[in-house]
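J.: Data: final.cif, mmCIF, C-alpha atoms (C1' of nucleotides).
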```cif
data_start
loop_
_atom_site.label_atom_id
_atom_site.label_comp_id
_atom_site.auth_asym_id
_atom_site.auth_seq_id
_atom_site.Cartn_x
_atom_site.Cartn_y
_atom_site.Cartn_z
CA MET G 249 0.00 0.00 0.00
CA ALA G 250 1.82 2.98 -1.31
CA GLU G 251 -0.63 5.65 -0.26
CA VAL G 252 -2.24 6.53 3.04
CA SER G 253 -5.14 8.66 4.28
CA ILE G 254 -4.72 12.02 5.95
CA GLY G 255 -5.27 10.50 9.39
CA VAL G 256 -2.47 7.99 8.88
CA ALA G 257 -0.25 10.70 7.39
CA ALA G 258 -0.90 12.74 10.53
CA LYS G 259 0.15 9.85 12.74
CA LEU G 260 3.24 9.12 10.66
CA THR G 261 4.47 12.71 10.57
CA GLY G 262 3.22 14.01 13.89
CA ILE G 263 1.39 16.89 12.19
CA LYS G 264 -2.28 17.33 13.01
CA VAL G 265 -4.89 16.63 10.36
CA PRO G 266 -6.20 20.21 10.05
CA THR G 267 -2.65 21.50 9.85
CA ILE G 268 -1.86 19.18 6.95
CA ARG G 269 -4.95 20.43 5.16
CA TYR G 270 -3.83 23.97 5.91
CA TYR G 271 -0.40 23.33 4.42
CA GLU G 272 -2.05 22.10 1.26
CA GLN G 273 -4.34 25.10 1.17
CA ILE G 274 -1.45 27.58 1.26
CA GLY G 275 0.34 25.68 -1.47
CA LEU G 276 3.07 23.82 0.39
CA LEU G 277 1.78 20.51 -0.92
CA SER G 278 0.54 20.03 -4.44
CA GLY G 279 -0.43 17.33 -6.86
CA LEU G 280 -1.93 15.17 -4.15
CA LYS G 281 -3.96 12.21 -5.30
CA ARG G 282 -7.55 11.68 -4.22
CA THR G 283 -9.68 8.58 -3.93
CA ASP G 284 -12.87 8.24 -5.95
CA SER G 285 -14.72 9.52 -2.92
CA ASN G 286 -12.53 12.61 -2.80
CA ARG G 287 -10.30 11.65 0.10
CA ARG G 288 -6.68 12.75 0.09
CA LEU G 289 -3.94 10.19 -0.48
CA TYR G 290 -0.36 10.66 0.66
CA GLY G 291 2.55 8.83 -0.95
CA ALA G 292 6.10 8.45 0.32
CA ALA G 293 7.27 11.70 -1.29
CA ASP G 294 4.37 13.61 0.26
CA LEU G 295 5.21 12.20 3.68
CA ASP G 296 8.85 13.22 3.25
CA ARG G 297 7.77 16.69 2.32
CA LEU G 298 5.56 16.88 5.41
CA ARG G 299 8.38 15.69 7.64
CA PHE G 300 10.69 18.28 6.12
CA ILE G 301 8.15 21.02 6.85
CA LYS G 302 7.65 19.78 10.37
CA HIS G 303 11.32 19.67 11.20
CA ALA G 304 11.95 23.10 9.72
CA ARG G 305 9.03 24.50 11.75
CA GLU G 306 10.47 22.94 14.90
CA LEU G 307 13.68 24.74 14.14
CA GLY G 308 11.72 27.96 13.94
CA PHE G 309 11.69 28.60 10.19
CA GLU G 310 8.68 30.50 8.95
CA LEU G 311 6.38 28.86 6.43
CA ASP G 312 7.48 31.35 3.82
CA ALA G 313 11.12 30.43 4.32
CA ILE G 314 10.17 26.77 4.20
CA ARG G 315 8.37 27.33 0.95
CA THR G 316 11.59 28.81 -0.47
CA LEU G 317 13.66 25.94 0.90
CA LEU G 318 11.32 23.46 -0.75
CA ASP G 319 11.42 25.35 -4.04
CA LEU G 320 15.20 25.45 -4.01
CA GLN G 321 15.34 21.68 -3.82
CA VAL G 322 13.82 21.15 -7.24
CA ASP G 323 17.20 21.78 -8.85
CA PRO G 324 19.80 19.88 -6.78
CA GLU G 325 22.64 20.91 -9.08
CA LYS G 326 22.49 24.59 -8.16
CA PRO G 327 24.78 25.91 -5.42
CA CYS G 328 23.29 25.86 -1.95
CA SER G 329 24.28 29.41 -1.05
CA ALA G 330 20.66 30.56 -0.97
CA ILE G 331 19.83 27.82 1.52
CA ASP G 332 22.82 28.75 3.61
CA ALA G 333 21.70 32.39 3.60
CA ILE G 334 18.20 31.55 4.80
CA ALA G 335 19.58 29.44 7.64
CA ARG G 336 22.07 32.12 8.66
CA GLU G 337 19.42 34.80 8.63
CA HIS G 338 17.24 32.66 10.82
CA LEU G 339 20.09 32.01 13.23
CA ALA G 340 20.71 35.75 13.52
CA ASP G 341 17.03 36.24 14.25
CA VAL G 342 17.05 33.59 16.96
CA ASP G 343 20.11 35.25 18.48
CA GLN G 344 18.38 38.60 18.59
CA ARG G 345 15.34 37.10 20.22
CA ILE G 346 17.40 35.38 22.87
CA ALA G 347 19.18 38.62 23.66
CA SER G 348 16.01 40.63 24.05
CA LEU G 349 14.36 37.93 26.13
CA GLN G 350 17.36 37.91 28.41
CA GLY G 351 17.04 41.65 28.90
CA LEU G 352 13.42 41.13 29.78
CA LYS G 353 14.26 38.35 32.17
CA ARG G 354 16.74 40.48 34.10
CA GLU G 355 14.19 43.24 34.45
CA LEU G 356 11.42 40.89 35.52
CA ARG G 357 13.60 39.25 38.12
CA ARG G 358 14.69 42.53 39.56
CA MET G 359 11.10 43.66 39.69
CA ILE G 360 9.84 40.52 41.40
CA GLU G 361 12.69 40.40 43.88
CA SER G 362 12.04 43.92 45.07
CA CYS G 363 8.42 43.14 45.90
CA SER G 364 7.90 42.86 49.64
CA ARG G 365 4.54 41.10 49.29
CA GLY G 366 2.49 43.62 51.17
CA ARG G 367 -0.44 45.75 50.04
CA ILE G 368 -0.99 46.54 46.39
CA ALA G 369 -0.54 50.18 47.30
CA ASP G 370 3.10 49.44 48.16
CA CYS G 371 3.74 46.89 45.43
CA ARG G 372 7.03 47.44 43.73
CA ILE G 373 5.94 45.48 40.68
CA ILE G 374 3.14 47.91 40.00
CA GLU G 375 5.46 50.80 40.66
CA VAL G 376 8.02 49.58 38.19
CA LEU G 377 5.37 48.96 35.57
CA GLN G 378 4.11 52.48 36.12
CA ASP G 379 7.47 54.08 35.61
CA HIS G 380 9.97 52.99 33.05
CA ASN G 381 12.62 55.15 34.69
CA GLN G 382 12.80 52.65 37.51
CA CYS G 383 14.28 50.14 35.13
CA ARG G 384 17.99 49.80 35.54
CA ASP G 385 18.31 48.29 32.12
CA GLN G 386 16.56 50.57 29.70
CA ARG G 387 17.27 48.25 26.84
CA HIS G 388 14.12 46.22 27.18
CA LEU G 389 12.62 48.83 24.89
CA GLY G 390 14.38 47.00 22.13
CA ALA G 391 12.49 43.77 22.71
CA ARG G 392 11.27 42.30 19.45
CA LYS G 393 8.40 40.38 18.08
CA GLU G 394 8.45 36.65 18.59
CA ARG G 395 6.20 34.06 17.10
CA GLY G 396 5.55 30.88 15.32
CA ILE G 397 7.66 28.47 17.31
CA ARG G 398 5.72 25.67 18.84
CA MET O 103 -5.40 72.24 29.44
CA ALA O 104 -6.10 69.07 31.31
CA GLU O 105 -7.11 66.93 28.35
CA VAL O 106 -5.45 66.09 25.09
CA SER O 107 -6.41 64.58 21.75
CA ILE O 108 -5.54 61.05 20.71
CA GLY O 109 -2.69 62.29 18.53
CA VAL O 110 -1.09 64.13 21.44
CA ALA O 111 -1.71 61.15 23.73
CA ALA O 112 0.08 58.98 21.17
CA LYS O 113 3.07 61.30 21.17
CA LEU O 114 3.15 61.52 24.96
CA THR O 115 2.95 57.78 25.53
CA GLY O 116 4.73 56.45 22.47
CA ILE O 117 1.74 54.27 21.55
CA LYS O 118 0.38 54.60 18.03
CA VAL O 119 -3.02 56.16 17.48
CA PRO O 120 -4.73 53.02 16.11
CA THR O 121 -3.29 50.98 18.94
CA ILE O 122 -4.76 53.36 21.52
CA ARG O 123 -8.14 53.05 19.85
CA TYR O 124 -7.68 49.27 19.85
CA TYR O 125 -6.96 49.26 23.58
CA GLU O 126 -10.16 51.17 24.17
CA GLN O 127 -12.10 48.78 21.94
CA ILE O 128 -11.02 45.74 23.91
CA GLY O 129 -11.91 47.44 27.16
CA LEU O 130 -8.54 48.39 28.60
CA LEU O 131 -9.58 52.05 28.73
CA SER O 132 -13.01 53.17 29.75
CA GLY O 133 -14.94 56.26 30.68
CA LEU O 134 -13.05 58.43 28.23
CA LYS O 135 -14.44 61.89 27.61
CA ARG O 136 -15.34 63.10 24.15
CA THR O 137 -15.58 66.58 22.64
CA ASP O 138 -18.85 67.85 21.19
CA SER O 139 -17.62 66.69 17.81
CA ASN O 140 -17.01 63.18 19.16
CA ARG O 141 -13.24 63.31 19.48
CA ARG O 142 -11.59 61.40 22.30
CA LEU O 143 -10.04 63.32 25.18
CA TYR O 144 -7.30 61.91 27.40
CA GLY O 145 -6.71 63.19 30.93
CA ALA O 146 -3.70 62.60 33.17
CA ALA O 147 -5.10 59.35 34.59
CA ASP O 148 -5.76 58.02 31.10
CA LEU O 149 -2.21 58.80 30.05
CA ASP O 150 -0.86 57.04 33.14
CA ARG O 151 -2.94 54.01 32.30
CA LEU O 152 -1.62 54.01 28.75
CA ARG O 153 1.96 54.27 29.97
CA PHE O 154 1.37 51.39 32.34
CA ILE O 155 0.05 49.27 29.50
CA LYS O 156 2.95 50.20 27.29
CA HIS O 157 5.58 49.35 29.83
CA ALA O 158 3.95 46.05 30.70
CA ARG O 159 3.79 45.17 26.99
CA GLU O 160 7.47 46.01 26.63
CA LEU O 161 8.14 43.58 29.43
CA GLY O 162 6.23 40.97 27.48
CA PHE O 163 3.01 40.74 29.49
CA GLU O 164 -0.01 39.73 27.45
CA LEU O 165 -2.94 42.12 27.23
CA ASP O 166 -5.05 39.73 29.23
CA ALA O 167 -2.52 39.72 32.07
CA ILE O 168 -2.32 43.51 31.84
CA ARG O 169 -6.06 43.74 32.12
CA THR O 170 -5.86 41.70 35.32
CA LEU O 171 -3.02 43.84 36.65
CA LEU O 172 -5.06 46.97 35.99
CA ASP O 173 -8.14 45.48 37.65
CA LEU O 174 -6.14 44.50 40.72
CA GLN O 175 -5.09 48.08 41.25
CA VAL O 176 -8.59 49.31 41.99
CA ASP O 177 -8.26 48.10 45.56
CA PRO O 178 -4.79 49.12 46.79
CA GLU O 179 -5.40 47.71 50.27
CA LYS O 180 -5.53 44.11 49.13
CA PRO O 181 -2.39 42.00 49.27
CA CYS O 182 -0.30 42.03 46.14
CA SER O 183 0.17 38.26 45.96
CA ALA O 184 -1.92 37.98 42.80
CA ILE O 185 0.29 40.55 41.10
CA ASP O 186 3.37 38.74 42.24
CA ALA O 187 1.98 35.48 40.85
CA ILE O 188 1.32 36.97 37.41
CA ALA O 189 4.83 38.37 37.24
CA ARG O 190 6.40 35.10 38.35
CA GLU O 191 4.40 33.12 35.86
CA HIS O 192 5.53 35.45 33.14
CA LEU O 193 9.14 35.16 34.22
CA ALA O 194 8.88 31.37 34.10
CA ASP O 195 7.45 31.65 30.62
CA VAL O 196 10.29 33.89 29.46
CA ASP O 197 12.77 31.43 30.94
CA GLN O 198 11.22 28.54 29.04
CA ARG O 199 11.32 30.49 25.82
CA ILE O 200 14.97 31.39 26.28
CA ALA O 201 15.82 27.76 26.92
CA SER O 202 14.05 26.49 23.85
CA LEU O 203 15.50 29.21 21.66
CA GLN O 204 18.96 28.27 22.89
CA GLY O 205 18.34 24.66 21.92
CA LEU O 206 17.30 25.85 18.49
CA LYS O 207 20.34 28.06 18.20
CA ARG O 208 22.72 25.20 18.94
CA GLU O 209 21.04 23.05 16.32
CA LEU O 210 21.03 25.78 13.71
CA ARG O 211 24.68 26.56 14.25
CA ARG O 212 25.68 22.95 13.98
CA MET O 213 23.64 22.63 10.82
CA ILE O 214 25.12 25.72 9.19
CA GLU O 215 28.66 24.89 10.16
CA SER O 216 28.48 21.47 8.57
CA CYS O 217 27.42 22.91 5.21
CA SER O 218 30.27 22.75 2.72
CA ARG O 219 28.64 25.26 0.35
CA GLY O 220 28.49 23.04 -2.66
CA ARG O 221 25.53 21.78 -4.66
CA ILE O 222 22.07 21.62 -3.16
CA ALA O 223 22.20 17.86 -3.68
CA ASP O 224 25.00 17.69 -1.10
CA CYS O 225 23.69 20.38 1.22
CA ARG O 226 23.90 19.33 4.84
CA ILE O 227 21.29 21.89 5.85
CA ILE O 228 18.69 20.25 3.65
CA GLU O 229 19.78 16.84 4.87
CA VAL O 230 19.39 17.79 8.49
CA LEU O 231 16.00 19.31 7.83
CA GLN O 232 14.95 16.13 6.11
CA ASP O 233 15.94 13.91 8.96
CA HIS O 234 15.40 14.73 12.57
CA ASN O 235 17.65 11.86 13.61
CA GLN O 236 20.63 13.87 12.44
CA CYS O 237 20.04 16.30 15.26
CA ARG O 238 22.42 15.75 18.12
CA ASP O 239 20.15 17.62 20.44
CA GLN O 240 16.73 16.09 20.11
CA ARG O 241 15.29 18.52 22.57
CA HIS O 242 14.32 21.13 20.03
CA LEU O 243 11.07 19.24 19.78
CA GLY O 244 10.13 20.99 22.95
CA ALA O 245 10.25 24.43 21.38
CA ARG O 246 7.26 26.51 22.37
CA LYS O 247 5.03 29.15 20.99
CA GLU O 248 6.35 32.66 21.18
CA ARG O 249 4.58 35.87 20.47
CA GLY O 250 3.53 39.36 21.29
CA ILE O 251 6.83 40.89 22.29
CA ARG O 252 7.80 43.86 20.23
"C1'" DG L 230 -15.65 82.86 2.37
"C1'" DA L 231 -13.05 79.34 0.01
"C1'" DT L 232 -9.50 76.22 0.15
"C1'" DA L 233 -5.86 73.29 1.77
"C1'" DC L 234 -4.29 70.09 4.82
"C1'" DA L 235 -3.75 67.86 9.18
"C1'" DC L 236 -6.18 65.44 12.19
"C1'" DC L 237 -10.11 62.86 13.76
"C1'" DC L 238 -14.11 59.40 13.32
"C1'" DT L 239 -16.05 54.39 12.30
"C1'" DC L 240 -15.82 50.16 10.05
"C1'" DT L 241 -13.71 46.31 7.82
"C1'" DA L 242 -10.05 43.34 6.55
"C1'" DG L 243 -5.37 41.56 6.87
"C1'" DC L 244 -1.10 39.39 9.15
"C1'" DG L 245 1.01 34.21 10.68
"C1'" DA L 246 0.18 29.69 11.76
"C1'" DC L 247 -2.79 27.50 13.02
"C1'" DT L 248 -7.35 25.70 15.78
"C1'" DA L 249 -12.28 24.82 16.41
"C1'" DG L 250 -16.66 23.89 14.90
"C1'" DA L 251 -20.76 23.22 11.80
"C1'" DG L 252 -22.94 20.29 8.70
"C1'" DG L 253 -22.62 16.60 5.84
"C1'" DA L 254 -20.52 12.30 3.21
"C1'" DT L 255 -18.22 7.86 3.44
"C1'" DC L 256 -16.08 3.76 5.29
"C1'" DA L 257 -15.21 -0.55 8.05
"C1'" DA L 258 -16.80 -3.50 11.59
"C1'" DG L 259 -20.24 -5.96 13.99
"C1'" DC J 43 -28.20 -2.28 8.78
"C1'" DT J 44 -26.53 0.46 12.10
"C1'" DT J 45 -22.84 2.46 14.72
"C1'" DG J 46 -18.89 5.15 15.14
"C1'" DA J 47 -14.67 6.62 13.21
"C1'" DT J 48 -12.89 9.13 9.68
"C1'" DC J 49 -13.21 12.10 5.98
"C1'" DC J 50 -14.91 16.37 3.26
"C1'" DT J 51 -15.65 21.76 2.78
"C1'" DC J 52 -16.43 26.08 4.67
"C1'" DT J 53 -16.32 29.66 8.06
"C1'" DA J 54 -14.72 31.97 12.00
"C1'" DG J 55 -11.71 32.54 15.97
"C1'" DT J 56 -6.97 33.24 18.22
"C1'" DC J 57 -3.33 37.55 19.49
"C1'" DG J 58 -1.93 42.20 19.07
"C1'" DC J 59 -1.98 44.93 16.32
"C1'" DT J 60 -1.77 47.46 11.28
"C1'" DA J 61 -3.72 49.30 6.98
"C1'" DG J 62 -7.12 51.23 4.32
"C1'" DA J 63 -11.72 53.11 2.83
"C1'" DG J 64 -14.74 56.75 3.18
"C1'" DG J 65 -16.07 60.38 5.56
"C1'" DG J 66 -16.24 64.56 9.19
"C1'" DT J 67 -13.80 68.43 11.67
"C1'" DG J 68 -10.32 72.09 12.98
"C1'" DT J 69 -7.14 75.55 11.89
"C1'" DA J 70 -4.41 78.47 8.95
"C1'" DT J 71 -3.94 80.94 4.85
"C1'" DC J 72 -5.43 83.44 0.78
#
```
Starting from the coordinates I provided, produce the structure as C-alpha cells.
T.:
Amino acid sequence: MAEVSIGVAAKLTGIKVPTIRYYEQIGLLSGLKRTDSNRRLYGAADLDRLRFIKHARELGFELDAIRTLLDLQVDPEKPCSAIDAIAREHLADVDQRIASLQGLKRELRRMIESCSRGRIADCRIIEVLQDHNQCRDQRHLGARKERGIR
Amino acid sequence: MAEVSIGVAAKLTGIKVPTIRYYEQIGLLSGLKRTDSNRRLYGAADLDRLRFIKHARELGFELDAIRTLLDLQVDPEKPCSAIDAIAREHLADVDQRIASLQGLKRELRRMIESCSRGRIADCRIIEVLQDHNQCRDQRHLGARKERGIR
DNA sequence: GATACACCCTCTAGCGACTAGAGGATCAAG
DNA sequence: CTTGATCCTCTAGTCGCTAGAGGGTGTATC
C-alpha cells in the first residue's frame, strides 16, 4: 500500500490533520492524489515533504522560508548558497530574540525580587510597571516580536 | 489644558493612534471623555494608564494579564500576591522560551557549520532538515510558541 | 468665504500559523 | 443495517496589532 489517508499521514508525521490540510491550502503541498470519494492520499514523497516542513518548523523557520527551501530543492545541481543564507538569517534572528528575552528576564527578576509582598498600594511590581525610569536596564525597549515556534 | 487629543496622547505615551483606539475597543480604557464633535479626550489618569500598558507590553506581558493587573489596582489595600503570581508566571514563561531558543540556536549553528557550500544535492542543511535523527540535540522538539513581544 | 491640509471618526479586513466547529458524506466493523 | 470513526468543505476565531476606505472636523492661509 503505497498511499495513506490524511489521518495515517498525521500519525506518521506528527502533524495534526487540520494543519496538513492547511499546508495544502497555502500551497506547500501540491499534486496530491484523491480517492474516488474525494479523500486525500499521501505517498512516500508527500510524507517526506511533510516531515521536512515539520522539522523546519520545529527549528523555527517560517512557512514562507520553508516554501523557499522546498522550491530550491527542485534543482539539486544549483549551489546551496541561498539555503545557507536563509539558515544564517534565521540564526541571527534567533540570536536577537534570545538577547532581548534575556534583557526582559533580568528586568522581571529585579522587579519581582524587590516586591515585599504587602499591600498593592506598596507593590514594587506595580510601581516599576508604572514608571519605566525605575528600570535599571533601559534596553528592554528594544524587545522584538516573537512568534511561530511551537 | 487638562485633556489632550488622541494624537497628542500617542506622542506623549509612544503608543500609536490606532493601537490606543484598539486598547479602548477591547476594554482596557473606559470612561473616556469626548468633545462635542465626538473626538476622544485623554486626561492625566488616562495617560498614566496608557503608559502602564505600554511598559507592561514592553516587558512581554499579554494584554489579558495587563487587564488583570489593571483590575487588581482598583483596591490598593488588598495583598499584592496575585500581582506577584502573574509576574512570576511570566518570568517562568520567558525562561522557558529562552531555553528552547537556545536549543534551536545550537542546532542551527551545527547545521550551518556542517554545510560545505556546494551543490544543493550535497547540502547538509537540507539533509538535516529532512531527517530529525541527524540532530544531536533532540530537545528542540520541545520548542514553544512565542509571540507578542515587540 | 473658500481652500488646503492635518487630524479625527467608524468600520472592515489583513497578518502568521494554526485551531475549532458546523454540517454533511463515506467507510469498516459488527 | 446500524454504529462510530474518519473524511470532506467552509467559516470563523486566536493575538496584538496594522492598513485602508470613506467620511467629518479644525485651523491656517489666501
J.: I need the chain J residues near chain O as number ranges by chain; criterion: at most 12 Å, counting all atoms listed in the file.
T.: J: 57-61, 66-68
J.: Apply the PyMOL selection byres ((chain L) within 10 of (chain G)) to the displayed file and report the matching residues as a PyMOL selection string.
T.: chain L and resi 245-249+254-255
J.: What does chain G look like once superposed on chain O, all Cα atoms paired in sequence order, least squares? Give it as a tab-separated table (two decimals) with C-alpha atoms, keeping the file's coordinate frame.
T.:
```tsv
chain	number	residue	atom	x	y	z
G	249	MET	CA	-5.19	72.16	29.26
G	250	ALA	CA	-5.98	69.02	31.12
G	251	GLU	CA	-6.99	66.87	28.19
G	252	VAL	CA	-5.33	65.99	24.92
G	253	SER	CA	-6.30	64.44	21.58
G	254	ILE	CA	-5.46	60.90	20.58
G	255	GLY	CA	-2.59	62.09	18.40
G	256	VAL	CA	-0.97	63.95	21.29
G	257	ALA	CA	-1.63	61.00	23.61
G	258	ALA	CA	0.15	58.81	21.07
G	259	LYS	CA	3.16	61.11	21.05
G	260	LEU	CA	3.24	61.36	24.84
G	261	THR	CA	3.01	57.62	25.45
G	262	GLY	CA	4.79	56.26	22.41
G	263	ILE	CA	1.80	54.08	21.51
G	264	LYS	CA	0.44	54.39	17.98
G	265	VAL	CA	-2.95	55.96	17.41
G	266	PRO	CA	-4.69	52.83	16.06
G	267	THR	CA	-3.27	50.81	18.93
G	268	ILE	CA	-4.72	53.21	21.48
G	269	ARG	CA	-8.10	52.91	19.79
G	270	TYR	CA	-7.68	49.15	19.86
G	271	TYR	CA	-6.96	49.17	23.58
G	272	GLU	CA	-10.15	51.10	24.14
G	273	GLN	CA	-12.09	48.73	21.95
G	274	ILE	CA	-11.05	45.67	23.96
G	275	GLY	CA	-11.93	47.42	27.19
G	276	LEU	CA	-8.55	48.38	28.62
G	277	LEU	CA	-9.57	52.03	28.70
G	278	SER	CA	-13.01	53.19	29.71
G	279	GLY	CA	-14.90	56.30	30.60
G	280	LEU	CA	-12.99	58.41	28.12
G	281	LYS	CA	-14.34	61.87	27.46
G	282	ARG	CA	-15.22	63.06	23.98
G	283	THR	CA	-15.42	66.51	22.45
G	284	ASP	CA	-18.68	67.79	21.01
G	285	SER	CA	-17.44	66.61	17.64
G	286	ASN	CA	-16.88	63.12	18.99
G	287	ARG	CA	-13.11	63.20	19.32
G	288	ARG	CA	-11.46	61.32	22.15
G	289	LEU	CA	-9.92	63.25	25.04
G	290	TYR	CA	-7.21	61.85	27.28
G	291	GLY	CA	-6.60	63.16	30.79
G	292	ALA	CA	-3.60	62.57	33.04
G	293	ALA	CA	-5.03	59.36	34.50
G	294	ASP	CA	-5.71	57.98	31.02
G	295	LEU	CA	-2.14	58.75	29.97
G	296	ASP	CA	-0.81	57.00	33.07
G	297	ARG	CA	-2.91	53.99	32.28
G	298	LEU	CA	-1.58	53.95	28.71
G	299	ARG	CA	2.00	54.20	29.93
G	300	PHE	CA	1.39	51.35	32.35
G	301	ILE	CA	0.05	49.19	29.52
G	302	LYS	CA	2.95	50.09	27.30
G	303	HIS	CA	5.58	49.27	29.86
G	304	ALA	CA	3.94	45.98	30.78
G	305	ARG	CA	3.76	45.05	27.08
G	306	GLU	CA	7.45	45.87	26.69
G	307	LEU	CA	8.11	43.49	29.53
G	308	GLY	CA	6.20	40.84	27.64
G	309	PHE	CA	2.97	40.67	29.63
G	310	GLU	CA	-0.06	39.65	27.61
G	311	LEU	CA	-2.97	42.06	27.34
G	312	ASP	CA	-5.09	39.71	29.39
G	313	ALA	CA	-2.56	39.72	32.21
G	314	ILE	CA	-2.35	43.48	31.95
G	315	ARG	CA	-6.09	43.73	32.22
G	316	THR	CA	-5.89	41.74	35.47
G	317	LEU	CA	-3.04	43.89	36.76
G	318	LEU	CA	-5.07	47.01	36.07
G	319	ASP	CA	-8.14	45.54	37.75
G	320	LEU	CA	-6.15	44.59	40.82
G	321	GLN	CA	-5.08	48.18	41.30
G	322	VAL	CA	-8.57	49.44	42.03
G	323	ASP	CA	-8.26	48.25	45.62
G	324	PRO	CA	-4.77	49.26	46.83
G	325	GLU	CA	-5.40	47.90	50.32
G	326	LYS	CA	-5.54	44.26	49.23
G	327	PRO	CA	-2.38	42.15	49.41
G	328	CYS	CA	-0.30	42.13	46.26
G	329	SER	CA	0.17	38.36	46.13
G	330	ALA	CA	-1.92	38.06	42.97
G	331	ILE	CA	0.30	40.60	41.24
G	332	ASP	CA	3.38	38.79	42.41
G	333	ALA	CA	1.97	35.52	41.05
G	334	ILE	CA	1.31	36.98	37.61
G	335	ALA	CA	4.83	38.38	37.42
G	336	ARG	CA	6.38	35.10	38.56
G	337	GLU	CA	4.37	33.11	36.07
G	338	HIS	CA	5.50	35.42	33.33
G	339	LEU	CA	9.12	35.12	34.40
G	340	ALA	CA	8.85	31.33	34.28
G	341	ASP	CA	7.41	31.60	30.80
G	342	VAL	CA	10.23	33.84	29.63
G	343	ASP	CA	12.72	31.37	31.08
G	344	GLN	CA	11.16	28.50	29.19
G	345	ARG	CA	11.23	30.45	25.97
G	346	ILE	CA	14.87	31.34	26.39
G	347	ALA	CA	15.74	27.71	27.01
G	348	SER	CA	13.95	26.43	23.94
G	349	LEU	CA	15.39	29.17	21.76
G	350	GLN	CA	18.84	28.25	22.95
G	351	GLY	CA	18.24	24.65	21.95
G	352	LEU	CA	17.18	25.86	18.56
G	353	LYS	CA	20.20	28.08	18.26
G	354	ARG	CA	22.62	25.24	18.95
G	355	GLU	CA	20.95	23.10	16.32
G	356	LEU	CA	20.90	25.87	13.74
G	357	ARG	CA	24.54	26.66	14.28
G	358	ARG	CA	25.57	23.08	13.97
G	359	MET	CA	23.54	22.78	10.81
G	360	ILE	CA	24.98	25.90	9.21
G	361	GLU	CA	28.54	25.08	10.18
G	362	SER	CA	28.39	21.68	8.54
G	363	CYS	CA	27.34	23.16	5.21
G	364	SER	CA	30.20	23.10	2.73
G	365	ARG	CA	28.54	25.61	0.38
G	366	GLY	CA	28.45	23.41	-2.66
G	367	ARG	CA	25.51	22.14	-4.70
G	368	ILE	CA	22.05	21.93	-3.21
G	369	ALA	CA	22.22	18.20	-3.80
G	370	ASP	CA	25.00	18.00	-1.20
G	371	CYS	CA	23.67	20.64	1.17
G	372	ARG	CA	23.88	19.56	4.75
G	373	ILE	CA	21.23	22.06	5.80
G	374	ILE	CA	18.66	20.42	3.58
G	375	GLU	CA	19.78	17.03	4.76
G	376	VAL	CA	19.37	17.92	8.39
G	377	LEU	CA	15.96	19.43	7.75
G	378	GLN	CA	14.97	16.24	5.98
G	379	ASP	CA	15.96	14.00	8.82
G	380	HIS	CA	15.42	14.79	12.44
G	381	ASN	CA	17.68	11.91	13.43
G	382	GLN	CA	20.64	13.95	12.31
G	383	CYS	CA	20.02	16.33	15.16
G	384	ARG	CA	22.39	15.77	18.02
G	385	ASP	CA	20.08	17.56	20.38
G	386	GLN	CA	16.67	16.03	20.01
G	387	ARG	CA	15.21	18.45	22.48
G	388	HIS	CA	14.28	21.09	19.95
G	389	LEU	CA	11.03	19.17	19.68
G	390	GLY	CA	10.10	20.87	22.89
G	391	ALA	CA	10.30	24.35	21.42
G	392	ARG	CA	7.31	26.43	22.42
G	393	LYS	CA	5.10	29.09	21.07
G	394	GLU	CA	6.37	32.63	21.28
G	395	ARG	CA	4.54	35.82	20.59
G	396	GLY	CA	3.44	39.25	21.44
G	397	ILE	CA	6.72	40.87	22.36
G	398	ARG	CA	7.58	43.83	20.26
```
J.: Can you translate the PyMOL selection byres ((chain O and resi 214) around 12) into the concrete residues it hits in this file, as a tab-separated table (two decimals) with C-alpha atoms, in the frame of the given file?
T.:
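Wrote result.tsv, looks like this:
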```
chain	number	residue	atom	x	y	z
G	328	CYS	CA	23.29	25.86	-1.95
G	329	SER	CA	24.28	29.41	-1.05
G	331	ILE	CA	19.83	27.82	1.52
G	332	ASP	CA	22.82	28.75	3.61
G	333	ALA	CA	21.70	32.39	3.60
G	334	ILE	CA	18.20	31.55	4.80
G	335	ALA	CA	19.58	29.44	7.64
G	336	ARG	CA	22.07	32.12	8.66
G	337	GLU	CA	19.42	34.80	8.63
G	338	HIS	CA	17.24	32.66	10.82
G	339	LEU	CA	20.09	32.01	13.23
G	340	ALA	CA	20.71	35.75	13.52
O	207	LYS	CA	20.34	28.06	18.20
O	208	ARG	CA	22.72	25.20	18.94
O	209	GLU	CA	21.04	23.05	16.32
O	210	LEU	CA	21.03	25.78	13.71
O	211	ARG	CA	24.68	26.56	14.25
O	212	ARG	CA	25.68	22.95	13.98
O	213	MET	CA	23.64	22.63	10.82
O	215	GLU	CA	28.66	24.89	10.16
O	216	SER	CA	28.48	21.47	8.57
O	217	CYS	CA	27.42	22.91	5.21
O	218	SER	CA	30.27	22.75	2.72
O	219	ARG	CA	28.64	25.26	0.35
O	225	CYS	CA	23.69	20.38	1.22
O	226	ARG	CA	23.90	19.33	4.84
O	227	ILE	CA	21.29	21.89	5.85
O	228	ILE	CA	18.69	20.25	3.65
O	229	GLU	CA	19.78	16.84	4.87
O	230	VAL	CA	19.39	17.79	8.49
O	231	LEU	CA	16.00	19.31	7.83
```
J.: Taking into account all atoms listed in the file, which residue in the set O:Gln198, O:Ser107, O:Asn235, O:Gln204 is nearest to chain G?
T.: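 Of O:Gln198, O:Ser107, O:Asn235, O:Gln204, the one nearest chain G, counting all atoms listed in the file, is O:Gln204.
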J.: For chain O, which of G:Leu307, G:Leu298, G:Ala347, G:Cys383 is the closest residue, counting all atoms listed in the file?
T.: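 Checking each of G:Leu307, G:Leu298, G:Ala347, G:Cys383 against chain O, counting all atoms listed in the file, the winner is G:Leu307.
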J.: Please evaluate the PyMOL selection byres ((chain L and resi 257) around 12) against the displayed coordinates and give the resulting residues as JSON, numbers by chain.
T.: {"L": [255, 256, 258, 259], "J": [45, 46, 47, 48]}
J.: By how many Å are CA of Leu130 in chain O and CA of Asp150 in chain O apart?
T.: 12.4 Å
J.: Could you jot down the CA of Gly109 in chain O to C1' of DT71 in chain J separation for me, Å, one decimal place?
T.: 23.2 Å
J.: Any idea what the distance is between CA of Gly308 in chain G and CA of Ile346 in chain G?
T.: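 Those two atoms sit 12.9 Å apart.
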J.: Go through G:Gln273, G:Thr261, G:Ser278, G:Thr283 one by one, measure the shortest atom-to-atom distance of each to chain O using all atoms listed in the file, and give the residue with the smallest value.
T.: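 The shortest atom-to-atom distance to chain O comes from G:Thr261.
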